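J.: There's a structure below that I have some questions on.
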Number of protein chains: 2
Amino acid sequence: MAPVIPEDIQKEIEKKGGLRKILNSLPSRKELERKAKIHSALGDPLRLKILCFLGIQSSCVCLLRDIANISYSKLSYHLSILKNSNLIEGKKRGNYVIYSLTPQGMRYYEELCKKE
Amino acid sequence: MAPVIPEDIQKEIEKKGGLRKILNSLPSRKELERKAKIHSALGDPLRLKILCFLGIQSSCVCLLRDIANISYSKLSYHLSILKNSNLIEGKKRGNYVIYSLTPQGMRYYEELCKKE
DNA sequence: AAAGTATTTCAAATTTTTTTGAAGTAATTG
DNA sequence: CAATTACTTCAAAAAAATTTGAAATACTTT
């Protein structure tokens, strides 16, 4: 039993082919979850800053730590979130791990970190 | 005392005008916080779904409730998050409140809800 | 191989976000 | 004006995210 909704809205919905049709056109649950996860990762100022920095310059963890001025373990945690959302990736090189943006990370970098 | 970082990265930074210059080009703290807040609001599948739906069709709360199949109070909470991030707005009309996207909400709708 | 550096992992503590259900508000109808 | 509808607010409980500091790992240098 669908709720009683305002008439004009009901009509607009019918003009668009009905509620069912609108609902079917929405992104799938999986898609919504994937995007939510990425946005959740971007939902923190420090992580955004890291994304913006890596967009300009790939970096070892030690430099990021110095810039953010937080503990290694805290930073590792935030890097793992960005990594798990496929925004950054780390490559081991000798003693260091060098982080850089993934192609997906670059897309968000362009969109998020350049002025506007 | 800056950390010891890999030589090649050091050189890349110098080529770009030095670390200071790179850091100055990043978005300000305020900007980062503002964007983080928006992305945080988008970091939930239900809220994304609401955004996507409202992009197609403005709606009273009762219809959204029916679609999401959750309690009013839970829905109100999520709507308040979207509202506080300036993605949606509600207008009282008689007994109903009709929610729709703000201009900012529409930008995110275009970017987030259309296929890809 | 011992010692040092860079980084990650872990578990416990803390903080924040989300959920729940009851109560409240505001407009509408009988 | 009492009852109903549509919605929001509130405070407590529950769940999830973040922080902390110590320990572990993995190279590198000595």
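Lettering and numbering for the structure tokens are positional, with chains as A, B, ... in the shown order, residues counted from 1 in each chain, and ligands counted from 1 in the shown order.
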Should the cut-off be 8 Å, what would the residue list for chain B against chain C look like, counting only C-alpha atoms (C1' of nucleotides), as a ChimeraX atom specification?

T.: /B:74,94-95

J.: List as CSV every residue of chain B that is in contact with chain D, defined as an atom at most 12 Å from one of its atoms (using only C-alpha atoms (C1' of nucleotides)), together with the nearest atom pair and the distance in Å rounded to one decimal, sorted by chain and then rising number.

T.:
residue,atom,partner,partner_atom,distance
B:Cys60,CA,D:DA6,C1',9.1
B:Val61,CA,D:DC7,C1',7.5
B:Cys62,CA,D:DA6,C1',7.3
B:Leu63,CA,D:DA6,C1',10.9
B:Arg65,CA,D:DC7,C1',10.9
B:Ser71,CA,D:DC7,C1',11.1
B:Tyr72,CA,D:DC7,C1',7.4
B:Ser73,CA,D:DT8,C1',7.4
B:Lys74,CA,D:DT8,C1',10.4
B:Leu75,CA,D:DC7,C1',10.1
B:Ser76,CA,D:DT8,C1',6.9
B:Tyr77,CA,D:DT8,C1',8.9
B:His78,CA,D:DT8,C1',11.9
B:Leu79,CA,D:DT8,C1',10.7
B:Ser80,CA,D:DT8,C1',9.8
B:Gly90,CA,D:DC7,C1',11.3
B:Lys91,CA,D:DC7,C1',12.0
B:Lys92,CA,D:DC7,C1',10.0
B:Arg93,CA,D:DA6,C1',10.7
B:Gly94,CA,D:DA6,C1',9.5
B:Asn95,CA,D:DA6,C1',5.8
B:Tyr96,CA,D:DA6,C1',5.8
B:Val97,CA,D:DC7,C1',7.5
B:Ile98,CA,D:DC7,C1',10.8

J.: Go ahead and save the picked residues with N, CA and C atoms, as a CSV table (one decimal), in the first residue's frame.

T.:
chain,number,residue,atom,x,y,z
B,60,CYS,N,7.9,14.3,-1.4
B,60,CYS,CA,7.6,14.4,0.0
B,60,CYS,C,8.4,13.3,0.8
B,61,VAL,N,8.4,13.5,2.1
B,61,VAL,CA,9.2,12.6,2.9
B,61,VAL,C,8.5,11.2,2.9
B,62,CYS,N,7.2,11.3,2.9
B,62,CYS,CA,6.4,10.0,3.0
B,62,CYS,C,6.8,9.0,1.8
B,63,LEU,N,7.0,9.6,0.6
B,63,LEU,CA,7.3,8.8,-0.5
B,63,LEU,C,8.7,8.2,-0.4
B,65,ARG,N,10.2,7.7,2.3
B,65,ARG,CA,10.2,6.7,3.4
B,65,ARG,C,9.7,5.4,2.8
B,71,SER,N,12.2,3.8,9.0
B,71,SER,CA,11.4,4.7,9.8
B,71,SER,C,11.5,6.2,9.5
B,72,TYR,N,10.5,6.9,9.8
B,72,TYR,CA,10.5,8.3,9.6
B,72,TYR,C,11.7,9.0,10.3
B,73,SER,N,12.0,8.6,11.5
B,73,SER,CA,13.0,9.3,12.3
B,73,SER,C,14.4,9.0,11.7
B,74,LYS,N,14.6,7.8,11.3
B,74,LYS,CA,15.8,7.4,10.6
B,74,LYS,C,16.0,8.2,9.3
B,75,LEU,N,14.9,8.3,8.6
B,75,LEU,CA,15.0,9.0,7.3
B,75,LEU,C,15.3,10.5,7.6
B,76,SER,N,14.6,11.1,8.6
B,76,SER,CA,14.8,12.5,8.9
B,76,SER,C,16.2,12.7,9.2
B,77,TYR,N,16.8,11.8,10.0
B,77,TYR,CA,18.2,12.0,10.3
B,77,TYR,C,19.1,12.1,9.0
B,78,HIS,N,18.9,11.2,8.1
B,78,HIS,CA,19.7,11.2,6.9
B,78,HIS,C,19.4,12.4,6.0
B,79,LEU,N,18.1,12.8,6.0
B,79,LEU,CA,17.8,14.0,5.2
B,79,LEU,C,18.5,15.2,5.8
B,80,SER,N,18.6,15.2,7.2
B,80,SER,CA,19.2,16.4,7.8
B,80,SER,C,20.7,16.5,7.4
B,90,GLY,N,14.3,21.3,1.9
B,90,GLY,CA,12.9,20.9,2.0
B,90,GLY,C,12.0,22.2,2.1
B,91,LYS,N,10.9,22.1,1.5
B,91,LYS,CA,9.9,23.2,1.5
B,91,LYS,C,8.6,22.7,2.0
B,92,LYS,N,8.1,23.4,3.1
B,92,LYS,CA,6.8,22.9,3.6
B,92,LYS,C,5.7,23.3,2.7
B,93,ARG,N,4.8,22.4,2.5
B,93,ARG,CA,3.6,22.7,1.6
B,93,ARG,C,2.5,21.9,2.2
B,94,GLY,N,1.6,22.7,2.9
B,94,GLY,CA,0.5,22.1,3.6
B,94,GLY,C,1.1,21.1,4.7
B,95,ASN,N,0.6,20.0,4.7
B,95,ASN,CA,1.0,19.0,5.7
B,95,ASN,C,2.4,18.3,5.3
B,96,TYR,N,2.7,18.5,4.1
B,96,TYR,CA,3.9,17.8,3.5
B,96,TYR,C,5.2,18.7,3.6
B,97,VAL,N,6.3,18.0,3.5
B,97,VAL,CA,7.6,18.7,3.2
B,97,VAL,C,8.1,18.1,1.9
B,98,ILE,N,8.3,19.0,1.0
B,98,ILE,CA,8.8,18.5,-0.3
B,98,ILE,C,10.3,18.8,-0.5

J.: Which is closer to chain B than all the others in A:Lys21, A:Lys30, A:His39, A:Lys114, using only C-alpha atoms?

T.: A:His39

J.: What are the residues of chain A that have an atom within 7 Å of an atom of chain B, counting only C-alpha atoms, as a list of chain:residue names?

T.: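 Close enough to count are A:Pro3, A:Ile5, A:Ile9, A:Leu26, A:Pro27, A:Leu32, A:Glu33, A:Ala36, A:Lys37, A:His39, A:Ser40, A:Leu42, A:Gly43, A:Asp44, A:Pro45, A:Leu48, A:Lys49, A:Cys52, A:Phe53, A:Ser59, A:Cys62, A:Leu63, A:Cys113.
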
J.: Let's see if you can do this: from backbone DSSP, list all alpha helix (DSSP H) residues in chain A, as a count of residues only.

T.: 73
